[in-house]
Amino acid sequence: MSKIPPKRTLPSKEATLFKELLTLYETRQLKKGIKTSDQILKKIPEHGETLCMKGLILTHMGRRDEGIEMVKKGVRLDLTSHIVWHVFGLIQKGEKNYEEALKSYTQALKFDKENLNILRDAAQLQTHLRLYDGLVETRYKLLRMRPMLRQNWIALAVAYHLGGNLLEAKKVLENYERTLKNLPDYDIEHSETLVYHVRLLEALGEWSDALSLLDTNAKERAIVDKTAIMEFRARLTSKLGSSDAEHSWRVLIEHNSECYDYYHGYLSNLGINLSTHPAQALKVLQDFAVQLPKATAPKRLSLTIAPASFAGDDSILSFYNLARAYLVAGLTKGIPSLFADIKSLYSDPEKLQIIQDIVEQAKEDNTPPTDPSSSTSPSTSEPITYLWTLYYLAQHYSYLSQHSKALSLLDVALAHTPTLPELYMLRARIFKRAGDPIRAAGAMEEARALDGQDRFLNTKSGKYLLRAGRPEEAEKVFGLFTKKDATSPGSDLQDMQSLLYLLEQADAQYRSGRLHLALKKYIVVQKIFDEFDDDQYDFHGYSLRKFNIIIYLNLLEWEDRLRSNVAYIKAATSASRIFVAVHDDPSLKTPASSLKLSDKAKKKAKKAAQKIEEVKKAAANANSNEDKGLEPSPAKDEDPDGLKLLACEDPLERAAKLLQPLVELDVQDVDVLGCVYDVAVRRDKLLQAIQALNRARKLAKDHPEVHFRVAHARKLASSLPAQSSSPSSVDPIRVFKDEVDRILPPEVSLMTFNSQYLQQHSGSCQAILAASRVLSKVLESPTDEAEGVAFMTLSTAEDVKLDVKTALDVIAFLQSIKSTRVEEYRKACDGRFELATVFKTSEEREKLAEEIFTLTREGSSNSVNVEPEAELGS
Amino acid sequence: MTTTTASRVSFSSLTPNNIGTVRKLNSVLFPIKYTEKFYEGIINPQVEDFCKLVYYNDVPVGTICCRIESKDGEDNLYLMTMGVLAPYRTRGLGSQTLQQILTAASSHTTPAIKKIYLHVQISNGAAKRFYEKHGFKEVGIHKDYYKKIMPHHAWILEKTIEHS
């Protein structure tokens with residue numbers, strides 16, 4: 001800042017104008033800003049800073065290309081001005097190009113070391129990019145320049161904390177608290193800071209310091225968050241083994257008697273081990289249940305703890321008695337979620353049996369008398385209890401895959417009360433599980449028709465229609481709730497970031513072989529996760545300004561693990577499978593069906609394009625003052641059907657990029673690791689491949705997906721040259737071969753390995769399928785051999801349990817090896833799975849769908865049988 | 001009739017969104033398929049007080065639907081349908097429902113309701129007794145009222161509304 005270069009110096013009149021220009025921009029008076037900059041440029045057309053400012057304002061006005069061009073020119077004209085670099089950084093930040101933006105900010109700081117605005121923005125970028133060393137430095141500078149600003153202290157502490165230096169963070173807080181004077185009571189910002197300080201001490205293991213800080217400030221009313229005080233107190237006193245602890249936990253339980261953590265805290269503080277001393281725990285919970293009669297948590301927790309065959313000295317606390325009381329209360333109250341609440345107990349087969357007996361008994365107790373004439377004397381039992389009992393049992397037997405039994409229970413329930421949507425939803429779910437997506441969709445649509453206002457039912461019905469291959473009906477159903485002015489219900493759901501919709505839509509396209517459309521939607525899901533990532537940006541400033549420290553730290557932690565979310569995993573693995581398939585068979589790039597788009601689809605696309613054009617036009621002729629911000633408006637989608645995406649030059653690179661976050665997050669999922677392996681071997685990344693395989697083996701050594709890849713790796717290893725030509729110290733080929741030898745000793749032949757696997761897992765149909773895949777795709781055995789193994793899944797041996805999904809996988813596999821026995825397999829499944837329709841021919845399915853969906857439509861509108869009004873329905 | 005104290009009975013107005021439930025109830029309660037005109041009529045805001053779904057512990061179990069008939073400067077309520085699912089009968093639901101409508105009618109001002117009337121198939125003595133208990137009187141027989149179900153004839157029952 002020492003010497004101003006002559007080309008930057010402005011004559012005094014223009015210098016005043018430039019100052020004015022900066023204010024005009026700050027206050028977003030864009031039109032005036034343009035005028036003022038033009039005045040300066042008239043005299044000094046090569047003034048870099050003014051050009052940058054004008055370019056920045058133009059960008060804000062929506063004249064993006066022109067604006068950015070001007071900014072770049074301005075930067076070139078004055079490379080040592082902090083203003084031009086700041087402007088350039090702002091533009092890059094707007095484009096979400098955070099790395100480059102930070103570079104520009106660093107450049108700007110070189111020429112203006114103490115610019116507060118630039119330092120603050122840089123800190124946000126550093127947080128966003130997780131560059132914590134640099135962040136500490138920036139925050140330190142800011143604090144030194146403005147020590148009176150409270151948030152600067154907190155920001156520095158948080159910066160240390162994020163960088164893992166908790167001790168320094170603590171020191172900053174201590175120094176900060178010393179500077180404070182005359183604080184008012186109930187100051188939320190200070191309170192949040194103190195709670196953070198306590199948490200920091202707890203994390204550092206300085207429990208007694210934490211407790212005394214907490215107690216002092218709670219008493220002085222400096223900490224206002226009551227729940228936080230109680231929770232910290234209970235945790236800290238427990239850790240310190242203080243006699244206060246029991247009381248602290250009790251206070252929490254009375255404060256919120258439905259929080260399981262509090263009960264666990266109470267019990268663990270007493271040193272009660274739930275699995276070795278259940279009787280003691282049950283006694284405690286029983287006392288709470290008596291004391292807090294409305295609380296469900298102690299009763300439910302008892303069911304988890306009580307062993308099924310528990311013979312305590314107190315028979316009231318036997319599992320049977322506890323479960324009966326709980327279930328009967330739930331059925332009488334009519335709690336719809338009772339089964340969902342209970343089913344986690346089913347992992348214990350004894351408990352499952354006891355519960356089944358209890359509910360069967362409840363059904364008997366509540367069954368109305370069969371003779372309707374005796375109804376003059378009302379039965380003592382509640383019809384509602386009977387209804388919910390039937391509902392529970394139907395869920396129970398459906399869970400046990402006894403679909404027919406579940407359906408007949410539902411029939412009784414529906415004859416009793418045909419107006420409960422839950423009953424139709426369950427019917428739908430049972431059909432779905434039994435392999436009949438068509439009837440499932442019909443039943444779900446029936447549920448939806450009962451209550452058009454219920455969006456849950458609406459979403460379910462749409463989803464089931466997609467699964468039944470009825471996208472157009474699904475779109476109509478979704479459209480009942482989406483914005484009316486959206487180009488289509490689907491596009492509105494996409495704007496609303498509905499991951500559920502996008503994944504179901506993508507899966508539906510995948511199932512029907514329209515890979516381009518499926519891929520398109522999977523990539524949209526990926527982009528939404530990028531948006532989630534971007535969304536945190538504003539919080540780097542906001543949360544610290546508002547002192548929401550703990551919540552903010554939790555947010556960052558969550559963002560760091562963002563892509564371990566199931567929706568991302570689903571999208572990334574499915575998309576990578578498509579990319580791999582396209583790589584292996586480039587003929588898939590031009591799907592036959594896509595070439596002749598239906599007229600309807602064409603019209604739709606045209607309409608959508610028009611709408612986007614209109615929006616663009618509106619933006620273009622914006623000479624108004626309206627601020628459009630610095631983010632580029634969404635570009636017109638040049639590839640709405642995903643055809644270009646599917647035909648891309650670098651499918652494997654794209655797949656690897658999708659999977660990369662999952663590798664970094666070390667997602668423990670065999671399917672993910674299988675995908676990583678598949679992509680890596682095709683990209684000749686042997687180290688990545690073997691690492692993925694080893695991780696997968698650690699999770700599930702004998703998993704069918706792992707078995708197939710071990711076999712694949714062995715074959716690949718034997719085809720590799722003995723010595724690699726790469727001069728690097730780690731020879732990937734050597735490592736790969738060594739590891740494969742370790743996994744599968746060279747003396748065991750692949751054939752033996754495969755047949756041993758088949759023998760050991762002869763009861764698992766997925767394992768049989770994997771062995772068959774190895775035969776065909778790795779060992780390249782004749783088709784009939786692989787077929788023979790695949791057909792073993794049809795074995796009627798008792799331990800071989802074929803399910804609908806695996807059977808479909810087998811059919812897909814047989815098709816992929818061009819087996820002549822596909823029809824034979826399909827027919828066998830059709831005979832075996834009585835309720836399923838997925839094994840019918842497509843004509844049969846189409847016919848059934850026509851029937852079901854015309855029926856549902858009729859159910860909601862019928863105009864036959866004109867009769868006058870009726871009488872009392874008795 | 002017994003009323004259970006622990007159970008909640010509530011009513012809700014008809015809307016295009018819950019009409020599916022009314023359709024479902026009608027399909028099991030009555031031997032007749034109703035026209036689209038019927039369903040359009042019962043969601044008319046004008047009859048909101050006289051067309052209801054009946055809930056028992058939050059489960060829809062019954063329905064009542066009336067229309068307003070204006071003739072010779074007189075406004076009457078015609079009770080088109082009323083029914084409760086079989087397992088929920090003999091619990092006083094029907095009485096509560098009818099009472100709900102009668103109360104609404106007596107405080108209704110635009111228009112003021114003069115009387116309420118309905119048809120009951122002559123084979124249905126229980127229904128007739130039910131309405132009589134609530135102050136309805138038989139005023140005649142409508143011959144061949146039902147064309148497709150037996151018996152064809154129907155009683156006409158009516159009750160004058162007393163305004164509060």
# chains A, B, ... in the order shown; residues from 1 in each chain; ligands from 1
$ residues_around --residues "B:Asn18" --least-positions-apart "5" --cutoff "10 Å" --atoms "only C-alpha atoms" --output "PyMOL selection string"
(chain A and resi 448-454) or (chain B and resi 12-13+23+43+53)
$ write_last_selection --atoms "N, CA and C atoms" --output "short mmCIF file (atom, residue, chain, number, x, y, z; two decimals), in the first residue's frame"
data_model
loop_
_atom_site.label_atom_id
_atom_site.label_comp_id
_atom_site.auth_asym_id
_atom_site.auth_seq_id
_atom_site.Cartn_x
_atom_site.Cartn_y
_atom_site.Cartn_z
N ARG A 448 -55.06 -43.88 -0.98
CA ARG A 448 -54.94 -42.45 -1.28
C ARG A 448 -56.31 -41.82 -1.52
N ALA A 449 -57.17 -42.58 -2.22
CA ALA A 449 -58.50 -42.05 -2.55
C ALA A 449 -59.31 -41.75 -1.30
N LEU A 450 -58.99 -42.39 -0.18
CA LEU A 450 -59.74 -42.15 1.05
C LEU A 450 -59.42 -40.78 1.64
N ASP A 451 -58.23 -40.29 1.42
CA ASP A 451 -57.87 -39.01 2.01
C ASP A 451 -56.92 -38.26 1.08
N GLY A 452 -57.52 -37.48 0.21
CA GLY A 452 -56.74 -36.78 -0.80
C GLY A 452 -55.83 -35.71 -0.23
N GLN A 453 -56.05 -35.36 1.04
CA GLN A 453 -55.29 -34.29 1.64
C GLN A 453 -53.97 -34.79 2.23
N ASP A 454 -53.84 -36.10 2.33
CA ASP A 454 -52.71 -36.68 3.03
C ASP A 454 -51.55 -36.85 2.06
N SER B 12 -66.74 -34.42 10.84
CA SER B 12 -66.01 -33.47 10.01
C SER B 12 -66.78 -33.18 8.74
N SER B 13 -66.57 -31.97 8.23
CA SER B 13 -67.28 -31.56 7.03
C SER B 13 -66.73 -32.29 5.82
N ARG B 23 -67.45 -42.21 -0.36
CA ARG B 23 -67.75 -43.21 -1.41
C ARG B 23 -67.58 -44.63 -0.87
N ILE B 43 -70.73 -31.75 -1.31
CA ILE B 43 -69.59 -30.91 -0.90
C ILE B 43 -69.87 -29.43 -1.14
N LEU B 53 -68.96 -36.54 7.99
CA LEU B 53 -68.38 -37.85 8.24
C LEU B 53 -68.38 -38.04 9.76
#
$ interface_residues --of "chain B" --to "chain A" --cutoff "7 Å" --atoms "only C-alpha atoms" --output "short mmCIF file (atom, residue, chain, number, x, y, z; two decimals) with N, CA and C atoms, in the first residue's frame"
data_model
loop_
_atom_site.label_atom_id
_atom_site.label_comp_id
_atom_site.auth_asym_id
_atom_site.auth_seq_id
_atom_site.Cartn_x
_atom_site.Cartn_y
_atom_site.Cartn_z
N ASN B 17 -61.45 -33.73 -0.76
CA ASN B 17 -60.37 -34.61 -0.33
C ASN B 17 -60.84 -35.81 0.47
N ASN B 18 -61.92 -35.68 1.23
CA ASN B 18 -62.36 -36.86 1.98
C ASN B 18 -63.57 -37.53 1.35
N GLY B 20 -63.62 -39.51 -0.97
CA GLY B 20 -63.29 -40.92 -1.22
C GLY B 20 -63.73 -41.80 -0.07
N THR B 21 -63.62 -41.29 1.14
CA THR B 21 -64.06 -42.05 2.31
C THR B 21 -65.58 -42.19 2.30
N LYS B 24 -66.48 -44.82 -0.16
CA LYS B 24 -66.20 -46.14 0.38
C LYS B 24 -67.29 -46.57 1.36
N LEU B 25 -67.67 -45.67 2.26
CA LEU B 25 -68.72 -45.98 3.23
C LEU B 25 -70.03 -46.29 2.51
N LEU B 29 -72.40 -49.52 2.82
CA LEU B 29 -73.59 -49.31 3.66
C LEU B 29 -74.89 -49.46 2.88
N PHE B 30 -74.88 -49.05 1.63
CA PHE B 30 -76.15 -48.96 0.90
C PHE B 30 -76.13 -49.82 -0.36
N ILE B 32 -77.03 -49.21 -3.15
CA ILE B 32 -77.25 -48.34 -4.30
C ILE B 32 -75.96 -47.64 -4.66
N LYS B 33 -75.73 -47.47 -5.95
CA LYS B 33 -74.58 -46.66 -6.36
C LYS B 33 -75.07 -45.25 -6.62
N TYR B 34 -74.39 -44.30 -6.01
CA TYR B 34 -74.83 -42.92 -6.14
C TYR B 34 -74.21 -42.24 -7.34
N THR B 35 -74.93 -41.25 -7.84
CA THR B 35 -74.47 -40.56 -9.04
C THR B 35 -73.40 -39.55 -8.68
N GLU B 36 -72.68 -39.10 -9.73
CA GLU B 36 -71.68 -38.05 -9.52
C GLU B 36 -72.34 -36.78 -9.00
N VAL B 59 -61.41 -42.88 13.60
CA VAL B 59 -61.60 -43.71 12.42
C VAL B 59 -62.97 -43.37 11.83
N PRO B 60 -63.03 -43.08 10.51
CA PRO B 60 -64.33 -42.75 9.92
C PRO B 60 -65.21 -44.01 9.88
N MET B 80 -80.82 -37.53 2.86
CA MET B 80 -80.61 -38.48 1.75
C MET B 80 -80.03 -39.80 2.24
N THR B 81 -78.96 -39.72 3.01
CA THR B 81 -78.32 -40.95 3.49
C THR B 81 -77.86 -40.76 4.93
N MET B 82 -77.96 -41.85 5.66
CA MET B 82 -77.32 -41.86 6.97
C MET B 82 -76.99 -43.31 7.27
N GLY B 83 -75.76 -43.55 7.74
CA GLY B 83 -75.40 -44.93 8.04
C GLY B 83 -74.14 -45.01 8.86
N PRO B 87 -70.06 -52.84 12.83
CA PRO B 87 -69.44 -53.10 14.13
C PRO B 87 -69.56 -51.94 15.11
N TYR B 88 -69.96 -50.79 14.61
CA TYR B 88 -69.99 -49.62 15.49
C TYR B 88 -71.42 -49.21 15.84
N THR B 90 -75.24 -49.68 17.72
CA THR B 90 -75.69 -49.85 19.12
C THR B 90 -74.75 -49.17 20.10
N HIS B 119 -87.06 -40.76 3.49
CA HIS B 119 -87.75 -42.01 3.11
C HIS B 119 -87.12 -43.19 3.84
N VAL B 120 -87.97 -44.14 4.26
CA VAL B 120 -87.47 -45.39 4.83
C VAL B 120 -88.19 -46.55 4.13
N GLN B 121 -87.42 -47.49 3.67
CA GLN B 121 -88.00 -48.65 2.98
C GLN B 121 -88.93 -49.37 3.95
N ALA B 127 -85.34 -48.96 11.46
CA ALA B 127 -84.99 -47.59 11.09
C ALA B 127 -86.14 -46.66 11.44
#
$ residues_around --residues "B:Val9" --least-positions-apart "2" --cutoff "8 Å" --atoms "only C-alpha atoms" --output "list in words"
Ser7, Phe11, Val54, Tyr55, Tyr56, Asn57, Asp58 and Leu93 of chain B
$ select_by_dssp --residues "stretch 51-95 of chain B" --states "helix (DSSP H, G or I)" --output "list in words"
Ala86, Pro87, Tyr88, Leu93, Gly94 and Ser95 of chain B
$ write_last_selection --atoms "N, CA, C and O atoms" --output "compact mmCIF listing (two decimals), in the first residue's frame"
# COMPACT_ATOMS: atom_id res chain seq x y z
N ALA B 86 -71.47 -51.56 10.53
CA ALA B 86 -72.09 -52.54 11.43
C ALA B 86 -71.38 -52.70 12.78
O ALA B 86 -72.05 -52.66 13.82
N PRO B 87 -70.06 -52.84 12.83
CA PRO B 87 -69.44 -53.10 14.13
C PRO B 87 -69.56 -51.94 15.11
O PRO B 87 -69.29 -52.11 16.30
N TYR B 88 -69.96 -50.79 14.61
CA TYR B 88 -69.99 -49.62 15.49
C TYR B 88 -71.42 -49.21 15.84
O TYR B 88 -71.65 -48.14 16.38
N LEU B 93 -74.05 -43.90 18.21
CA LEU B 93 -73.45 -43.03 17.19
C LEU B 93 -74.51 -42.41 16.29
O LEU B 93 -74.45 -41.23 15.95
N GLY B 94 -75.48 -43.24 15.89
CA GLY B 94 -76.54 -42.76 15.01
C GLY B 94 -77.31 -41.63 15.67
O GLY B 94 -77.56 -40.59 15.05
N SER B 95 -77.66 -41.82 16.93
CA SER B 95 -78.41 -40.79 17.65
C SER B 95 -77.60 -39.50 17.73
O SER B 95 -78.13 -38.41 17.46
$ atom_distance --atom1 "atom CA of A:Arg233" --atom2 "atom CA of A:Tyr196"
13.9 Å
$ atom_distance --atom1 "atom CA of B:Asp72" --atom2 "atom CA of B:Ala105"
19.0 Å
$ atom_distance --atom1 "atom CA of A:Thr482" --atom2 "atom CA of A:Arg427"
26.6 Å
$ residues_around --residues "A:Ser564" --least-positions-apart "6" --cutoff "9 Å" --atoms "only C-alpha atoms" --output "count of residues only"
5
$ residues_around --residues "B:Ile161" --least-positions-apart "5" --cutoff "6 Å" --atoms "only C-alpha atoms" --output "MDAnalysis selection string"
chainID B and resid 106 114:115
$ write_last_selection --atoms "N, CA and C atoms" --output "PDB file, in the first residue's frame"
ATOM      1  N   SER B 106     -81.699 -26.297  13.597  1.00  0.00           N
ATOM      2  CA  SER B 106     -82.495 -25.364  14.397  1.00  0.00           C
ATOM      3  C   SER B 106     -81.808 -24.014  14.538  1.00  0.00           C
ATOM      4  N   LYS B 114     -87.492 -25.307   7.863  1.00  0.00           N
ATOM      5  CA  LYS B 114     -88.812 -25.505   8.450  1.00  0.00           C
ATOM      6  C   LYS B 114     -88.977 -26.929   8.975  1.00  0.00           C
ATOM      7  N   LYS B 115     -88.641 -27.898   8.154  1.00  0.00           N
ATOM      8  CA  LYS B 115     -88.762 -29.279   8.614  1.00  0.00           C
ATOM      9  C   LYS B 115     -87.705 -30.159   7.951  1.00  0.00           C
TER      10      LYS B 115
END
$ residues_around --residues "A:Tyr262" --least-positions-apart "2" --cutoff "9 Å" --atoms "only C-alpha atoms" --output "short mmCIF file (atom, residue, chain, number, x, y, z; two decimals) with N, CA and C atoms, in the first residue's frame"
data_model
loop_
_atom_site.label_atom_id
_atom_site.label_comp_id
_atom_site.auth_asym_id
_atom_site.auth_seq_id
_atom_site.Cartn_x
_atom_site.Cartn_y
_atom_site.Cartn_z
N GLU A 231 -28.20 -31.57 31.30
CA GLU A 231 -27.53 -32.67 30.60
C GLU A 231 -26.03 -32.68 30.90
N ALA A 234 -25.49 -33.89 34.51
CA ALA A 234 -25.63 -35.33 34.69
C ALA A 234 -24.42 -36.07 34.13
N TRP A 249 -29.46 -37.25 36.98
CA TRP A 249 -30.14 -38.02 35.94
C TRP A 249 -31.64 -38.09 36.20
N ARG A 250 -31.99 -38.22 37.47
CA ARG A 250 -33.41 -38.30 37.82
C ARG A 250 -34.13 -37.01 37.41
N LEU A 252 -33.34 -35.06 35.03
CA LEU A 252 -33.50 -35.07 33.58
C LEU A 252 -34.68 -35.95 33.15
N ILE A 253 -34.80 -37.11 33.77
CA ILE A 253 -35.89 -38.02 33.42
C ILE A 253 -37.24 -37.37 33.71
N ASN A 256 -37.88 -34.77 30.93
CA ASN A 256 -38.37 -35.36 29.68
C ASN A 256 -38.34 -36.87 29.84
N SER A 257 -39.51 -37.42 30.15
CA SER A 257 -39.55 -38.84 30.52
C SER A 257 -39.60 -39.76 29.31
N GLU A 258 -39.48 -39.22 28.09
CA GLU A 258 -39.48 -40.10 26.92
C GLU A 258 -38.10 -40.20 26.28
N CYS A 259 -37.08 -39.68 26.94
CA CYS A 259 -35.75 -39.71 26.34
C CYS A 259 -34.97 -40.93 26.84
N TYR A 260 -34.74 -41.85 25.92
CA TYR A 260 -34.06 -43.11 26.30
C TYR A 260 -32.67 -42.87 26.86
N HIS A 264 -30.72 -44.58 30.11
CA HIS A 264 -29.45 -45.28 29.98
C HIS A 264 -28.40 -44.63 30.87
N GLY A 265 -28.42 -43.29 30.89
CA GLY A 265 -27.48 -42.56 31.73
C GLY A 265 -27.69 -42.89 33.20
N TYR A 266 -28.94 -42.92 33.62
CA TYR A 266 -29.26 -43.22 35.00
C TYR A 266 -28.76 -44.62 35.38
N LEU A 267 -29.07 -45.59 34.53
CA LEU A 267 -28.70 -46.97 34.82
C LEU A 267 -27.19 -47.15 34.80
#
$ residues_around --residues "stretch 830-839 of chain A" --least-positions-apart "6" --cutoff "9 Å" --atoms "only C-alpha atoms" --output "list of chain:residue names"
A:His403, A:Ser404, A:Phe431, A:Lys432, A:Arg433, A:Ala434, A:Gly435, A:Asp436, A:Pro437, A:Ile438, A:Arg439, A:Asp803, A:Val804, A:Leu808, A:Arg845, A:Leu848
$ write_last_selection --atoms "C-alpha atoms" --output "PDB file, in the first residue's frame"
ATOM      1  CA  HIS A 403     -48.257 -63.315   2.909  1.00  0.00           C
ATOM      2  CA  SER A 404     -51.463 -65.298   2.433  1.00  0.00           C
ATOM      3  CA  PHE A 431     -48.397 -57.405  -2.401  1.00  0.00           C
ATOM      4  CA  LYS A 432     -45.126 -55.606  -2.955  1.00  0.00           C
ATOM      5  CA  ARG A 433     -43.240 -58.074  -0.780  1.00  0.00           C
ATOM      6  CA  ALA A 434     -44.949 -61.005  -2.463  1.00  0.00           C
ATOM      7  CA  GLY A 435     -43.795 -59.769  -5.872  1.00  0.00           C
ATOM      8  CA  ASP A 436     -46.946 -58.146  -7.186  1.00  0.00           C
ATOM      9  CA  PRO A 437     -46.199 -54.464  -7.772  1.00  0.00           C
ATOM     10  CA  ILE A 438     -49.377 -54.015  -9.808  1.00  0.00           C
ATOM     11  CA  ARG A 439     -51.883 -54.999  -7.139  1.00  0.00           C
ATOM     12  CA  ASP A 803     -36.953 -65.085  -2.652  1.00  0.00           C
ATOM     13  CA  VAL A 804     -38.551 -62.965  -5.334  1.00  0.00           C
ATOM     14  CA  LEU A 808     -35.337 -61.808 -10.601  1.00  0.00           C
ATOM     15  CA  ARG A 845     -48.952 -58.219 -16.642  1.00  0.00           C
ATOM     16  CA  LEU A 848     -53.753 -57.346 -15.126  1.00  0.00           C
TER      17      LEU A 848
END
$ select_by_dssp --residues "stretch 36-122 of chain B" --states "strand (DSSP E or B)" --output "PyMOL selection string"
chain B and resi 51-56+59-71+74-84+115-121
$ write_last_selection --atoms "C-alpha atoms" --output "CSV table (one decimal), in the first residue's frame"
chain,number,residue,atom,x,y,z
B,51,CYS,CA,-73.3,-33.4,5.5
B,52,LYS,CA,-70.8,-35.0,7.8
B,53,LEU,CA,-68.4,-37.9,8.2
B,54,VAL,CA,-68.7,-39.5,11.6
B,55,TYR,CA,-65.4,-40.5,13.4
B,56,TYR,CA,-65.2,-43.0,16.2
B,59,VAL,CA,-61.6,-43.7,12.4
B,60,PRO,CA,-64.3,-42.8,9.9
B,61,VAL,CA,-67.2,-45.1,10.6
B,62,GLY,CA,-70.3,-43.4,9.4
B,63,THR,CA,-71.8,-40.6,7.3
B,64,ILE,CA,-74.9,-38.4,7.0
B,65,CYS,CA,-75.9,-36.4,4.0
B,66,CYS,CA,-78.8,-34.0,3.5
B,67,ARG,CA,-79.8,-31.5,0.9
B,68,ILE,CA,-81.8,-28.3,1.2
B,69,GLU,CA,-85.0,-28.3,-0.9
B,70,SER,CA,-86.7,-25.0,-1.5
B,71,LYS,CA,-90.3,-25.1,-2.6
B,74,GLU,CA,-90.3,-23.0,2.3
B,75,ASP,CA,-86.9,-24.5,3.0
B,76,ASN,CA,-86.8,-28.1,4.0
B,77,LEU,CA,-84.0,-30.5,4.8
B,78,TYR,CA,-84.1,-33.8,3.0
B,79,LEU,CA,-82.1,-36.5,4.6
B,80,MET,CA,-80.6,-38.5,1.8
B,81,THR,CA,-78.3,-40.9,3.5
B,82,MET,CA,-77.3,-41.9,7.0
B,83,GLY,CA,-75.4,-44.9,8.0
B,84,VAL,CA,-72.9,-46.4,10.5
B,115,LYS,CA,-88.8,-29.3,8.6
B,116,ILE,CA,-86.6,-32.3,7.9
B,117,TYR,CA,-88.0,-35.4,6.1
B,118,LEU,CA,-86.8,-38.7,4.7
B,119,HIS,CA,-87.8,-42.0,3.1
B,120,VAL,CA,-87.5,-45.4,4.8
B,121,GLN,CA,-88.0,-48.6,3.0
$ decode --residues "stretch 45-54 of chain B" --atoms "N, CA, C and O atoms" --output "PDB file, in the first residue's frame"
ATOM      1  N   PRO B  45     -70.751 -25.913  -0.204  1.00  0.00           N
ATOM      2  CA  PRO B  45     -70.615 -25.244   1.104  1.00  0.00           C
ATOM      3  C   PRO B  45     -71.963 -24.927   1.756  1.00  0.00           C
ATOM      4  O   PRO B  45     -72.053 -24.853   2.976  1.00  0.00           O
ATOM      5  N   GLN B  46     -72.987 -24.766   0.954  1.00  0.00           N
ATOM      6  CA  GLN B  46     -74.307 -24.427   1.497  1.00  0.00           C
ATOM      7  C   GLN B  46     -74.817 -25.504   2.459  1.00  0.00           C
ATOM      8  O   GLN B  46     -75.536 -25.200   3.404  1.00  0.00           O
ATOM      9  N   VAL B  47     -74.453 -26.759   2.209  1.00  0.00           N
ATOM     10  CA  VAL B  47     -74.973 -27.837   3.055  1.00  0.00           C
ATOM     11  C   VAL B  47     -73.912 -28.355   4.022  1.00  0.00           C
ATOM     12  O   VAL B  47     -74.040 -29.449   4.573  1.00  0.00           O
ATOM     13  N   GLU B  48     -72.873 -27.573   4.222  1.00  0.00           N
ATOM     14  CA  GLU B  48     -71.762 -28.032   5.053  1.00  0.00           C
ATOM     15  C   GLU B  48     -72.218 -28.529   6.422  1.00  0.00           C
ATOM     16  O   GLU B  48     -71.727 -29.534   6.940  1.00  0.00           O
ATOM     17  N   ASP B  49     -73.201 -27.839   7.008  1.00  0.00           N
ATOM     18  CA  ASP B  49     -73.664 -28.223   8.350  1.00  0.00           C
ATOM     19  C   ASP B  49     -74.464 -29.516   8.339  1.00  0.00           C
ATOM     20  O   ASP B  49     -74.692 -30.111   9.388  1.00  0.00           O
ATOM     21  N   PHE B  50     -74.887 -29.939   7.180  1.00  0.00           N
ATOM     22  CA  PHE B  50     -75.813 -31.083   7.121  1.00  0.00           C
ATOM     23  C   PHE B  50     -75.223 -32.303   6.424  1.00  0.00           C
ATOM     24  O   PHE B  50     -75.927 -33.287   6.190  1.00  0.00           O
ATOM     25  N   CYS B  51     -73.978 -32.238   6.066  1.00  0.00           N
ATOM     26  CA  CYS B  51     -73.312 -33.388   5.457  1.00  0.00           C
ATOM     27  C   CYS B  51     -72.024 -33.636   6.234  1.00  0.00           C
ATOM     28  O   CYS B  51     -71.146 -32.779   6.257  1.00  0.00           O
ATOM     29  N   LYS B  52     -71.941 -34.779   6.878  1.00  0.00           N
ATOM     30  CA  LYS B  52     -70.802 -34.999   7.769  1.00  0.00           C
ATOM     31  C   LYS B  52     -70.250 -36.418   7.642  1.00  0.00           C
ATOM     32  O   LYS B  52     -70.973 -37.351   7.281  1.00  0.00           O
ATOM     33  N   LEU B  53     -68.961 -36.544   7.988  1.00  0.00           N
ATOM     34  CA  LEU B  53     -68.381 -37.853   8.241  1.00  0.00           C
ATOM     35  C   LEU B  53     -68.383 -38.040   9.757  1.00  0.00           C
ATOM     36  O   LEU B  53     -68.148 -37.082  10.498  1.00  0.00           O
ATOM     37  N   VAL B  54     -68.637 -39.261  10.193  1.00  0.00           N
ATOM     38  CA  VAL B  54     -68.672 -39.546  11.621  1.00  0.00           C
ATOM     39  C   VAL B  54     -67.425 -40.335  11.994  1.00  0.00           C
ATOM     40  O   VAL B  54     -67.131 -41.359  11.366  1.00  0.00           O
TER      41      VAL B  54
END
